[in-house]
file structure.tsv (TSV, C-alpha atoms)
chain	number	residue	atom	x	y	z
A	27	MET	CA	-52.07	72.50	-29.62
A	28	LYS	CA	-48.27	72.55	-29.77
A	29	ALA	CA	-46.45	69.21	-29.95
A	30	VAL	CA	-43.15	67.62	-31.00
A	31	SER	CA	-43.50	64.63	-33.31
A	32	ILE	CA	-41.47	62.03	-35.17
A	33	GLU	CA	-42.39	62.58	-38.81
A	34	THR	CA	-39.59	60.48	-40.32
A	35	TYR	CA	-36.97	58.22	-38.77
A	36	GLY	CA	-33.58	59.84	-38.36
A	37	ALA	CA	-31.37	62.09	-36.27
A	38	ALA	CA	-32.54	64.43	-33.53
A	39	GLU	CA	-33.14	67.14	-36.12
A	40	SER	CA	-35.91	64.99	-37.59
A	41	LEU	CA	-38.08	65.88	-34.59
A	42	SER	CA	-40.69	68.35	-35.75
A	43	ILE	CA	-42.55	70.91	-33.63
A	44	GLY	CA	-45.89	72.09	-34.92
A	45	ASP	CA	-49.60	72.56	-34.35
A	46	PHE	CA	-51.83	69.51	-33.91
A	47	ALA	CA	-55.55	69.03	-33.40
A	48	MET	CA	-56.63	68.81	-29.78
A	49	PRO	CA	-57.28	65.13	-28.88
A	50	ASN	CA	-60.72	64.21	-27.58
A	51	PRO	CA	-60.97	61.61	-24.80
A	52	GLY	CA	-62.72	58.35	-25.62
A	53	PRO	CA	-65.19	56.80	-23.17
A	54	ASP	CA	-62.45	55.28	-20.99
A	55	ASP	CA	-59.88	58.06	-21.42
A	56	VAL	CA	-58.79	61.27	-19.76
A	57	LEU	CA	-57.36	64.38	-21.37
A	58	VAL	CA	-54.26	65.71	-19.62
A	59	ARG	CA	-52.77	69.19	-19.79
A	60	VAL	CA	-49.09	68.26	-19.82
A	61	ARG	CA	-46.78	70.20	-17.50
A	62	ALA	CA	-43.55	68.21	-17.88
A	63	ALA	CA	-42.30	65.31	-20.00
A	64	GLY	CA	-39.29	63.11	-19.33
A	65	VAL	CA	-36.80	62.23	-22.07
A	66	ASN	CA	-35.87	58.55	-22.26
A	67	ARG	CA	-33.65	56.30	-24.35
A	68	LEU	CA	-36.87	54.75	-25.66
A	69	ASP	CA	-37.69	58.08	-27.32
A	70	ILE	CA	-34.36	57.97	-29.16
A	71	LEU	CA	-34.83	54.35	-30.25
A	72	LEU	CA	-38.28	55.22	-31.59
A	73	ARG	CA	-36.96	58.29	-33.41
A	74	GLU	CA	-34.12	56.31	-35.02
A	75	GLY	CA	-36.41	53.47	-36.14
A	76	ARG	CA	-33.64	50.87	-36.07
A	77	VAL	CA	-34.86	48.77	-33.13
A	78	PHE	CA	-38.54	49.76	-32.93
A	79	GLN	CA	-40.83	50.96	-35.70
A	80	VAL	CA	-44.17	52.63	-35.02
A	81	PRO	CA	-46.77	54.24	-37.28
A	82	LEU	CA	-45.66	57.77	-38.13
A	83	PRO	CA	-46.19	60.53	-37.33
A	84	ARG	CA	-45.96	59.78	-33.62
A	85	ILE	CA	-45.73	62.14	-30.66
A	86	PRO	CA	-43.20	60.51	-28.29
A	87	GLY	CA	-43.00	60.83	-24.52
A	88	THR	CA	-43.65	57.87	-22.23
A	89	ASP	CA	-43.09	59.82	-19.01
A	90	PHE	CA	-45.11	62.94	-18.30
A	91	SER	CA	-47.12	64.70	-15.62
A	92	GLY	CA	-49.93	67.24	-15.65
A	93	ASP	CA	-53.56	67.98	-14.79
A	94	ILE	CA	-56.69	66.17	-15.97
A	95	VAL	CA	-58.88	68.65	-17.86
A	96	ALA	CA	-61.53	66.33	-19.37
A	97	VAL	CA	-62.75	62.76	-18.92
A	98	GLY	CA	-64.62	60.18	-20.99
A	99	SER	CA	-68.18	59.09	-20.35
A	100	ASN	CA	-67.18	55.87	-18.56
A	101	VAL	CA	-64.68	57.50	-16.19
A	102	THR	CA	-66.07	57.56	-12.67
A	103	GLY	CA	-65.19	59.94	-9.85
A	104	ASN	CA	-64.39	63.61	-9.86
A	105	ARG	CA	-61.04	63.55	-11.63
A	106	ILE	CA	-61.10	66.98	-13.28
A	107	GLY	CA	-58.18	69.01	-11.92
A	108	GLU	CA	-56.37	65.97	-10.53
A	109	ARG	CA	-52.55	66.10	-10.62
A	110	ILE	CA	-51.31	62.94	-12.30
A	111	PHE	CA	-48.35	61.25	-13.89
A	112	ALA	CA	-48.48	58.62	-16.59
A	113	ALA	CA	-48.18	54.90	-15.92
A	114	PRO	CA	-46.01	53.96	-18.91
A	115	ILE	CA	-47.41	50.51	-19.74
A	116	LEU	CA	-50.63	50.06	-21.70
A	117	SER	CA	-52.59	46.89	-20.92
A	118	CYS	CA	-56.13	45.57	-20.77
A	119	GLY	CA	-56.41	45.85	-16.97
A	120	GLU	CA	-58.66	42.77	-16.84
A	121	CYS	CA	-56.63	39.64	-17.64
A	122	GLN	CA	-55.00	37.44	-14.98
A	123	HIS	CA	-51.66	39.17	-15.51
A	124	CYS	CA	-53.07	42.66	-15.07
A	125	ARG	CA	-55.12	41.64	-12.03
A	126	ARG	CA	-51.96	40.52	-10.23
A	127	GLY	CA	-50.03	43.65	-11.24
A	128	ASP	CA	-47.97	42.10	-14.05
A	129	ASP	CA	-49.23	44.42	-16.78
A	130	ASN	CA	-46.03	43.85	-18.78
A	131	LEU	CA	-47.19	40.27	-19.43
A	132	CYS	CA	-50.57	41.35	-20.85
A	133	ALA	CA	-51.36	40.23	-24.41
A	134	ASN	CA	-52.34	43.86	-25.11
A	135	PHE	CA	-48.97	45.20	-23.91
A	136	GLY	CA	-47.95	48.60	-25.26
A	137	THR	CA	-46.34	51.83	-24.14
A	138	ILE	CA	-47.45	55.43	-24.13
A	139	GLY	CA	-45.41	57.41	-26.63
A	140	SER	CA	-44.98	54.46	-28.98
A	141	THR	CA	-48.25	52.52	-29.19
A	142	ILE	CA	-50.19	55.78	-28.76
A	143	ASP	CA	-49.15	59.43	-28.77
A	144	GLY	CA	-47.27	60.59	-25.71
A	145	GLY	CA	-46.34	63.59	-23.63
A	146	TYR	CA	-44.21	65.79	-25.93
A	147	ALA	CA	-47.32	67.93	-26.31
A	148	GLU	CA	-49.51	70.48	-24.56
A	149	TYR	CA	-52.32	67.93	-24.26
A	150	VAL	CA	-52.43	64.14	-24.39
A	151	ARG	CA	-55.18	61.55	-24.30
A	152	ILE	CA	-54.49	58.39	-22.28
A	153	PRO	CA	-56.58	55.60	-20.73
A	154	ALA	CA	-57.92	56.68	-17.34
A	155	ARG	CA	-56.18	53.73	-15.65
A	156	ASN	CA	-52.84	55.10	-16.84
A	157	ALA	CA	-53.42	58.46	-15.12
A	158	VAL	CA	-51.91	57.86	-11.67
A	159	PRO	CA	-52.40	60.43	-8.88
A	160	LEU	CA	-49.16	62.34	-8.31
A	161	PRO	CA	-48.26	62.38	-4.60
A	162	GLU	CA	-48.45	65.88	-3.17
A	163	GLN	CA	-44.80	65.66	-2.09
A	164	LEU	CA	-43.70	65.49	-5.75
A	165	ASP	CA	-43.69	68.39	-8.21
A	166	PHE	CA	-44.48	68.03	-11.91
A	167	VAL	CA	-40.82	67.83	-13.00
A	168	THR	CA	-40.13	64.99	-10.58
A	169	GLY	CA	-43.40	63.36	-11.60
A	170	ALA	CA	-42.19	63.24	-15.20
A	171	SER	CA	-38.81	61.76	-14.29
A	172	PHE	CA	-39.31	58.33	-12.75
A	173	GLY	CA	-42.34	56.39	-14.04
A	174	LEU	CA	-40.58	54.49	-16.82
A	175	THR	CA	-37.06	54.16	-15.47
A	176	TYR	CA	-37.73	53.37	-11.80
A	177	ALA	CA	-40.59	50.97	-12.49
A	178	THR	CA	-38.54	49.20	-15.18
A	179	ALA	CA	-35.53	48.99	-12.85
A	180	ALA	CA	-37.74	47.54	-10.10
A	181	SER	CA	-39.17	45.01	-12.55
A	182	MET	CA	-35.71	43.99	-13.76
A	183	LEU	CA	-34.35	43.56	-10.24
A	184	ARG	CA	-37.41	41.50	-9.31
A	185	ARG	CA	-36.98	39.36	-12.42
A	186	GLY	CA	-33.29	38.96	-11.56
A	187	ARG	CA	-34.18	37.87	-7.99
A	188	LEU	CA	-31.65	40.24	-6.43
A	189	ALA	CA	-31.26	39.60	-2.70
A	190	ALA	CA	-29.59	41.40	0.18
A	191	GLY	CA	-25.87	40.75	0.36
A	192	GLU	CA	-25.51	39.82	-3.31
A	193	TRP	CA	-23.25	41.65	-5.74
A	194	VAL	CA	-24.98	43.38	-8.67
A	195	LEU	CA	-23.26	44.91	-11.69
A	196	VAL	CA	-25.23	47.89	-13.06
A	197	LEU	CA	-24.42	48.82	-16.65
A	198	GLY	CA	-25.11	52.32	-17.98
A	199	ALA	CA	-25.12	53.57	-14.41
A	200	ASN	CA	-25.22	57.27	-15.26
A	201	GLY	CA	-28.48	57.09	-17.25
A	202	GLY	CA	-31.99	57.22	-15.86
A	203	LEU	CA	-32.46	53.44	-15.77
A	204	GLY	CA	-29.03	52.67	-14.33
A	205	TYR	CA	-29.28	55.41	-11.72
A	206	ALA	CA	-32.66	54.04	-10.62
A	207	ALA	CA	-31.24	50.52	-10.41
A	208	ILE	CA	-28.44	51.68	-8.11
A	209	GLU	CA	-30.86	53.33	-5.70
A	210	LEU	CA	-33.24	50.37	-5.66
A	211	ALA	CA	-30.50	47.74	-5.36
A	212	HIS	CA	-28.97	49.68	-2.47
A	213	LEU	CA	-32.36	49.69	-0.71
A	214	ILE	CA	-32.57	45.91	-1.15
A	215	GLY	CA	-29.23	45.63	0.64
A	216	ALA	CA	-27.17	44.47	-2.33
A	217	ARG	CA	-23.57	45.49	-2.99
A	218	VAL	CA	-23.50	47.59	-6.15
A	219	ILE	CA	-20.78	47.85	-8.78
A	220	ALA	CA	-21.73	50.74	-11.08
A	221	VAL	CA	-20.33	50.90	-14.61
A	222	ASN	CA	-19.79	54.45	-15.86
A	223	ARG	CA	-17.60	55.96	-18.56
A	224	ASP	CA	-16.98	59.39	-16.99
A	225	ALA	CA	-14.97	59.56	-13.75
A	226	SER	CA	-16.42	63.00	-12.92
A	227	ARG	CA	-19.73	61.29	-12.10
A	228	ASP	CA	-18.32	58.62	-9.80
A	229	GLY	CA	-19.00	60.63	-6.63
A	230	ALA	CA	-22.66	61.17	-7.50
A	231	LEU	CA	-23.10	57.46	-8.21
A	232	ARG	CA	-21.56	56.55	-4.88
A	233	ASP	CA	-23.84	59.05	-3.17
A	234	CYS	CA	-26.92	57.32	-4.59
A	235	GLY	CA	-25.82	53.87	-3.44
A	236	ALA	CA	-22.96	52.46	-5.53
A	237	ASP	CA	-20.26	50.74	-3.48
A	238	VAL	CA	-17.72	51.08	-6.25
A	239	VAL	CA	-17.62	52.55	-9.77
A	240	ILE	CA	-15.69	51.01	-12.66
A	241	ARG	CA	-15.28	51.58	-16.42
A	242	PRO	CA	-16.94	49.65	-19.28
A	243	ASP	CA	-13.68	48.52	-20.90
A	244	ALA	CA	-12.11	45.19	-21.83
A	245	GLN	CA	-10.71	44.88	-18.30
A	246	MET	CA	-14.16	45.05	-16.71
A	247	PRO	CA	-14.57	41.29	-16.03
A	248	GLY	CA	-11.14	41.13	-14.40
A	249	THR	CA	-11.91	44.18	-12.30
A	250	VAL	CA	-15.20	42.64	-11.18
A	251	LEU	CA	-13.54	39.38	-10.23
A	252	ALA	CA	-10.93	41.26	-8.18
A	253	LEU	CA	-13.62	43.23	-6.36
A	254	THR	CA	-15.63	40.10	-5.53
A	255	GLY	CA	-12.80	37.93	-4.30
A	256	GLY	CA	-12.53	36.02	-7.58
A	257	ARG	CA	-16.19	34.93	-7.60
A	258	GLY	CA	-17.99	37.42	-9.84
A	259	VAL	CA	-21.38	39.06	-9.37
A	260	GLN	CA	-24.63	37.24	-8.72
A	261	LEU	CA	-26.58	39.58	-11.03
A	262	ALA	CA	-25.72	41.70	-14.05
A	263	PHE	CA	-28.25	44.48	-14.71
A	264	GLU	CA	-27.91	44.83	-18.49
A	265	HIS	CA	-29.66	47.25	-20.80
A	266	VAL	CA	-26.75	48.61	-22.84
A	267	ALA	CA	-26.69	45.28	-24.75
A	268	SER	CA	-24.33	44.87	-27.73
A	269	ALA	CA	-21.47	47.03	-26.46
A	270	THR	CA	-21.24	45.41	-23.01
A	271	PHE	CA	-23.11	42.08	-23.10
A	272	ALA	CA	-20.10	39.76	-23.47
A	273	HIS	CA	-18.21	41.49	-20.65
A	274	SER	CA	-21.28	41.44	-18.43
A	275	LEU	CA	-21.67	37.69	-18.98
A	276	ALA	CA	-17.97	37.17	-18.19
A	277	SER	CA	-18.42	39.06	-14.91
A	278	LEU	CA	-20.96	36.59	-13.52
A	279	ALA	CA	-20.29	34.13	-10.72
A	280	THR	CA	-21.24	30.47	-10.93
A	281	ASP	CA	-25.07	30.29	-10.84
A	282	GLY	CA	-25.12	33.99	-11.77
A	283	ARG	CA	-28.00	35.70	-13.55
A	284	LEU	CA	-28.04	38.35	-16.27
A	285	VAL	CA	-31.28	40.32	-16.63
A	286	LEU	CA	-31.71	42.10	-19.96
A	287	GLY	CA	-34.20	44.96	-20.14
A	288	GLY	CA	-32.95	47.14	-22.98
A	289	VAL	CA	-30.86	47.26	-26.16
A	290	THR	CA	-29.56	50.83	-26.37
A	291	THR	CA	-26.41	49.95	-28.35
A	292	GLY	CA	-27.85	47.26	-30.61
A	293	ILE	CA	-29.68	43.95	-30.71
A	294	GLU	CA	-26.84	41.54	-31.51
A	295	ALA	CA	-24.17	40.24	-29.13
A	296	THR	CA	-21.68	37.39	-28.76
A	297	LEU	CA	-22.78	34.65	-26.38
A	298	ASP	CA	-20.18	32.40	-24.74
A	299	LEU	CA	-22.15	29.14	-24.66
A	300	LYS	CA	-19.40	27.30	-22.81
A	301	ALA	CA	-19.61	29.81	-19.96
A	302	VAL	CA	-23.40	29.47	-19.87
A	303	PHE	CA	-23.34	25.71	-19.22
A	304	THR	CA	-20.12	25.37	-17.23
A	305	LYS	CA	-21.03	28.21	-14.84
A	306	ARG	CA	-24.78	27.38	-14.86
A	307	LEU	CA	-25.73	30.90	-15.90
A	308	GLU	CA	-29.22	32.29	-16.43
A	309	ILE	CA	-30.12	34.94	-19.03
A	310	LEU	CA	-33.45	36.54	-18.16
A	311	GLY	CA	-35.44	38.85	-20.38
A	312	ALA	CA	-37.47	41.65	-18.79
A	313	ARG	CA	-40.08	43.60	-20.74
A	314	GLY	CA	-41.33	46.83	-19.21
A	315	SER	CA	-42.88	46.84	-15.76
A	316	GLY	CA	-46.04	45.84	-13.97
A	317	ARG	CA	-48.37	48.05	-11.97
A	318	LYS	CA	-47.04	46.49	-8.78
A	319	ASP	CA	-43.56	47.72	-9.73
A	320	LEU	CA	-44.91	51.21	-10.36
A	321	ASP	CA	-46.84	51.22	-7.08
A	322	GLN	CA	-43.65	50.29	-5.25
A	323	VAL	CA	-41.53	53.08	-6.71
A	324	VAL	CA	-44.26	55.72	-6.31
A	325	ARG	CA	-44.36	54.90	-2.61
A	326	LEU	CA	-40.58	55.02	-2.33
A	327	ALA	CA	-40.42	58.36	-4.14
A	328	ALA	CA	-43.20	59.87	-2.01
A	329	GLU	CA	-41.39	58.72	1.15
A	330	GLY	CA	-38.07	60.11	-0.08
A	331	GLN	CA	-36.40	56.69	-0.06
A	332	VAL	CA	-35.46	57.21	-3.71
A	333	ARG	CA	-34.72	60.62	-5.18
A	334	PRO	CA	-34.91	60.75	-8.98
A	335	LEU	CA	-32.13	62.98	-10.29
A	336	VAL	CA	-33.02	65.55	-12.95
A	337	GLN	CA	-29.87	67.04	-14.44
A	338	GLN	CA	-31.47	69.41	-16.92
A	339	VAL	CA	-34.87	71.03	-17.48
A	340	LEU	CA	-35.54	72.44	-20.95
A	341	PRO	CA	-38.60	73.84	-22.75
A	342	LEU	CA	-40.43	71.51	-25.15
A	343	GLU	CA	-39.06	73.50	-28.09
A	344	GLN	CA	-35.57	72.18	-27.25
A	345	ALA	CA	-36.50	68.51	-27.52
A	346	ALA	CA	-33.88	67.93	-30.24
A	347	GLN	CA	-31.16	69.40	-27.98
A	348	ALA	CA	-32.33	67.13	-25.17
A	349	HIS	CA	-31.98	64.12	-27.48
A	350	HIS	CA	-28.45	65.23	-28.47
A	351	TRP	CA	-27.42	65.48	-24.81
A	352	LEU	CA	-28.88	62.09	-23.95
A	353	GLU	CA	-27.12	60.50	-26.92
A	354	SER	CA	-23.81	62.06	-25.85
A	355	GLY	CA	-23.68	59.88	-22.74
A	356	ARG	CA	-22.88	62.91	-20.57
A	357	VAL	CA	-26.23	63.01	-18.78
A	358	LEU	CA	-26.48	61.93	-15.15
A	359	GLY	CA	-30.05	60.94	-14.35
A	360	LYS	CA	-32.79	62.49	-16.46
A	361	ILE	CA	-33.62	65.39	-18.75
A	362	VAL	CA	-37.14	66.80	-18.45
A	363	LEU	CA	-39.01	69.05	-20.89
A	364	THR	CA	-41.47	71.61	-19.55
A	365	VAL	CA	-44.60	72.27	-21.56
call {"tool": "encode", "arguments": {"input": "structure.tsv", "output": "structure tokens"}}
result
Amino acid sequence: MKAVSIETYGAAESLSIGDFAMPNPGPDDVLVRVRAAGVNRLDILLREGRVFQVPLPRIPGTDFSGDIVAVGSNVTGNRIGERIFAAPILSCGECQHCRRGDDNLCANFGTIGSTIDGGYAEYVRIPARNAVPLPEQLDFVTGASFGLTYATAASMLRRGRLAAGEWVLVLGANGGLGYAAIELAHLIGARVIAVNRDASRDGALRDCGADVVIRPDAQMPGTVLALTGGRGVQLAFEHVASATFAHSLASLATDGRLVLGGVTTGIEATLDLKAVFTKRLEILGARGSGRKDLDQVVRLAAEGQVRPLVQQVLPLEQAAQAHHWLESGRVLGKIVLTV
């Protein structure tokens, strides 16, 4: 089968396309003929090897959709031919965390495309519980565009306890995760300040739910205070990390919360400890998403309450180009590869 793999850590050109042996499903697995695969920041972090290291070679691709073509001996029901998309989080499915839908807290936590091979391939083997029926209202490209970002955004907003009427500051608003956070926060009834570098995208961000769009510069905390009547935001939705963390913290109101669910610009940041104790701030980590988060966003997508934005669709052979575009910061929403 044809697949794109990470053979060595490095730049986008280090992605290698070649022929691989067809995977065989284990007893609890399904084999999926991939139709589309989403491109995420996680793929870039894995390829670079600076933040996360995985055994190489590895076929990336946490988000993908396709048809089930074979099943393992323990898989019940007639699932051959079923249209599915991938639930991104790997977990045991049996512990107390998994039973209540908090798969991201499972001791066996992992992700498709990093812990195991992912969807940058013609065929992929995944646990049957990770093959989620794709609602008939959604095509394969859409099905490959929202599983990781929307479920993670939902998990982060839940962890951050965002409530109707609160102000939320969304960093990296133009990317897949930030765009999802704007839509979901707007549905909650929050007031959204989106942070985006390129003014040409401001209109699209307002259309998806942002009340106002600002720039990620040194004046950002002052701008936020002016917009909120001198109080600051109740929640900062942070996944950019090093480049924006200090300004995000400075934008918080008294008793404000910062939820951190990604580190796209690095793992180190300056922390103003005086602000933390004098303003009674909370810094909350958020790892991945639970099945209950995924179930929520699948329903919202099927009902049309959220509309994942796909800016570009490319063939699998152009995976390196897709990585270049995502790294450029010019992408609004998602890039999807067709297989």
call {"tool": "residues_around", "arguments": {"input": "structure.tsv", "residues": "Leu188 of chain A", "least_positions_apart": "2", "cutoff": "10 Å", "atoms": "all atoms listed in the file", "output": "PyMOL selection string"}}
result
chain A and resi 182-186+190-194+211+214-216+260-263+283
call {"tool": "atom_distance", "arguments": {"input": "structure.tsv", "atom1": "atom CA of Val259 of chain A", "atom2": "atom CA of Leu231 of chain A"}}
result
18.5 Å
call {"tool": "residues_around", "arguments": {"input": "structure.tsv", "residues": "segment 299-307 of chain A", "least_positions_apart": "5", "cutoff": "12 Å", "atoms": "only C-alpha atoms", "output": "tab-separated table (two decimals) with C-alpha atoms, keeping the file's coordinate frame"}}
result
chain	number	residue	atom	x	y	z
A	186	GLY	CA	-33.29	38.96	-11.56
A	257	ARG	CA	-16.19	34.93	-7.60
A	258	GLY	CA	-17.99	37.42	-9.84
A	259	VAL	CA	-21.38	39.06	-9.37
A	260	GLN	CA	-24.63	37.24	-8.72
A	261	LEU	CA	-26.58	39.58	-11.03
A	262	ALA	CA	-25.72	41.70	-14.05
A	272	ALA	CA	-20.10	39.76	-23.47
A	273	HIS	CA	-18.21	41.49	-20.65
A	274	SER	CA	-21.28	41.44	-18.43
A	275	LEU	CA	-21.67	37.69	-18.98
A	276	ALA	CA	-17.97	37.17	-18.19
A	277	SER	CA	-18.42	39.06	-14.91
A	278	LEU	CA	-20.96	36.59	-13.52
A	279	ALA	CA	-20.29	34.13	-10.72
A	280	THR	CA	-21.24	30.47	-10.93
A	281	ASP	CA	-25.07	30.29	-10.84
A	282	GLY	CA	-25.12	33.99	-11.77
A	283	ARG	CA	-28.00	35.70	-13.55
A	284	LEU	CA	-28.04	38.35	-16.27
A	285	VAL	CA	-31.28	40.32	-16.63
call {"tool": "closest_residue", "arguments": {"input": "structure.tsv", "among": "A:Ile152, A:Leu116, A:Ala180, A:Leu197", "to": "Leu213 of chain A", "atoms": "only C-alpha atoms"}}
result
A:Ala180
call {"tool": "residues_around", "arguments": {"input": "structure.tsv", "residues": "segment 350-359 of chain A", "least_positions_apart": "2", "cutoff": "6 Å", "atoms": "all atoms listed in the file", "output": "list in words"}}
result
Asn200, Gly201, Gly202, Leu335, Val336, Gln347 and Ala348 of chain A
call {"tool": "residues_around", "arguments": {"input": "structure.tsv", "residues": "Asn134 of chain A", "least_positions_apart": "4", "cutoff": "10 Å", "atoms": "all atoms listed in the file", "output": "list in words"}}
result
Ile115, Leu116, Ser117, Cys118, Gly119, Cys121, Asp129 and Asn130 of chain A
call {"tool": "write_last_selection", "arguments": {"input": "structure.tsv", "atoms": "C-alpha atoms", "output": "mmCIF file, keeping the file's coordinate frame"}}
result
data_model
loop_
_atom_site.group_PDB
_atom_site.id
_atom_site.type_symbol
_atom_site.label_atom_id
_atom_site.label_comp_id
_atom_site.auth_asym_id
_atom_site.auth_seq_id
_atom_site.Cartn_x
_atom_site.Cartn_y
_atom_site.Cartn_z
ATOM 1 C CA ILE A 115 -47.410 50.510 -19.740
ATOM 2 C CA LEU A 116 -50.630 50.060 -21.700
ATOM 3 C CA SER A 117 -52.590 46.890 -20.920
ATOM 4 C CA CYS A 118 -56.130 45.570 -20.770
ATOM 5 C CA GLY A 119 -56.410 45.850 -16.970
ATOM 6 C CA CYS A 121 -56.630 39.640 -17.640
ATOM 7 C CA ASP A 129 -49.230 44.420 -16.780
ATOM 8 C CA ASN A 130 -46.030 43.850 -18.780
#
call {"tool": "atom_distance", "arguments": {"input": "structure.tsv", "atom1": "atom CA of Ala177 of chain A", "atom2": "atom CA of Ser226 of chain A"}}
result
27.0 Å
call {"tool": "residues_around", "arguments": {"input": "structure.tsv", "residues": "Ala327 of chain A", "least_positions_apart": "5", "cutoff": "10 Å", "atoms": "all atoms listed in the file", "output": "ChimeraX atom specification"}}
result
/A:161,163-164,168-169,172,176,322,332-334
call {"tool": "closest_residue", "arguments": {"input": "structure.tsv", "among": "A:Gln79, A:Ser140, A:Ser42, A:Ser171", "to": "Phe111 of chain A", "atoms": "only C-alpha atoms"}}
result
A:Ser171
call {"tool": "atom_distance", "arguments": {"input": "structure.tsv", "atom1": "atom CA of Gly256 of chain A", "atom2": "atom CA of Gly287 of chain A"}}
result
26.6 Å
call {"tool": "axis_aligned_box", "arguments": {"input": "structure.tsv", "around": "segment 106-113 of chain A", "padding_each_side": "3 Å", "output": "AutoDock Vina command-line options"}}
result
--center_x -54.6 --center_y 62.0 --center_z -13.6 --size_x 18.9 --size_y 20.1 --size_z 12.1
call {"tool": "decode", "arguments": {"input": "structure.tsv", "residues": "segment 279-295 of chain A", "atoms": "N, CA and C atoms", "output": "mmCIF file, in the first residue's frame"}}
result
data_model
loop_
_atom_site.group_PDB
_atom_site.id
_atom_site.type_symbol
_atom_site.label_atom_id
_atom_site.label_comp_id
_atom_site.auth_asym_id
_atom_site.auth_seq_id
_atom_site.Cartn_x
_atom_site.Cartn_y
_atom_site.Cartn_z
ATOM 1 N N ALA A 279 -8.477 38.201 34.133
ATOM 2 C CA ALA A 279 -9.115 38.931 35.228
ATOM 3 C C ALA A 279 -8.761 38.280 36.561
ATOM 4 N N THR A 280 -9.066 38.939 37.646
ATOM 5 C CA THR A 280 -8.965 38.314 38.956
ATOM 6 C C THR A 280 -9.841 37.056 38.985
ATOM 7 N N ASP A 281 -9.292 35.968 39.544
ATOM 8 C CA ASP A 281 -9.938 34.654 39.547
ATOM 9 C C ASP A 281 -10.041 34.063 38.135
ATOM 10 N N GLY A 282 -9.208 34.541 37.214
ATOM 11 C CA GLY A 282 -9.219 34.021 35.854
ATOM 12 C C GLY A 282 -8.523 32.668 35.748
ATOM 13 N N ARG A 283 -8.825 31.974 34.651
ATOM 14 C CA ARG A 283 -8.243 30.655 34.408
ATOM 15 C C ARG A 283 -7.529 30.660 33.053
ATOM 16 N N LEU A 284 -6.427 29.968 32.986
ATOM 17 C CA LEU A 284 -5.741 29.711 31.717
ATOM 18 C C LEU A 284 -5.720 28.205 31.518
ATOM 19 N N VAL A 285 -6.274 27.729 30.397
ATOM 20 C CA VAL A 285 -6.246 26.305 30.099
ATOM 21 C C VAL A 285 -5.237 26.084 28.984
ATOM 22 N N LEU A 286 -4.296 25.181 29.226
ATOM 23 C CA LEU A 286 -3.189 24.924 28.297
ATOM 24 C C LEU A 286 -3.356 23.535 27.704
ATOM 25 N N GLY A 287 -3.533 23.489 26.375
ATOM 26 C CA GLY A 287 -3.738 22.200 25.710
ATOM 27 C C GLY A 287 -2.814 21.948 24.545
ATOM 28 N N GLY A 288 -1.719 22.715 24.447
ATOM 29 C CA GLY A 288 -0.783 22.517 23.350
ATOM 30 C C GLY A 288 0.446 23.376 23.541
ATOM 31 N N VAL A 289 1.505 23.058 22.788
ATOM 32 C CA VAL A 289 2.788 23.767 22.934
ATOM 33 C C VAL A 289 3.406 23.965 21.552
ATOM 34 N N THR A 290 2.676 24.581 20.644
ATOM 35 C CA THR A 290 3.130 24.624 19.252
ATOM 36 C C THR A 290 4.365 25.487 19.046
ATOM 37 N N THR A 291 4.638 26.455 19.938
ATOM 38 C CA THR A 291 5.830 27.287 19.751
ATOM 39 C C THR A 291 6.921 27.004 20.778
ATOM 40 N N GLY A 292 6.769 25.960 21.567
ATOM 41 C CA GLY A 292 7.811 25.615 22.526
ATOM 42 C C GLY A 292 7.258 25.305 23.895
ATOM 43 N N ILE A 293 8.087 24.673 24.724
ATOM 44 C CA ILE A 293 7.631 24.143 26.007
ATOM 45 C C ILE A 293 8.037 24.995 27.199
ATOM 46 N N GLU A 294 8.760 26.093 26.976
ATOM 47 C CA GLU A 294 9.188 26.937 28.084
ATOM 48 C C GLU A 294 8.556 28.321 27.970
ATOM 49 N N ALA A 295 8.188 28.885 29.131
ATOM 50 C CA ALA A 295 7.569 30.206 29.144
ATOM 51 C C ALA A 295 7.844 30.872 30.478
#
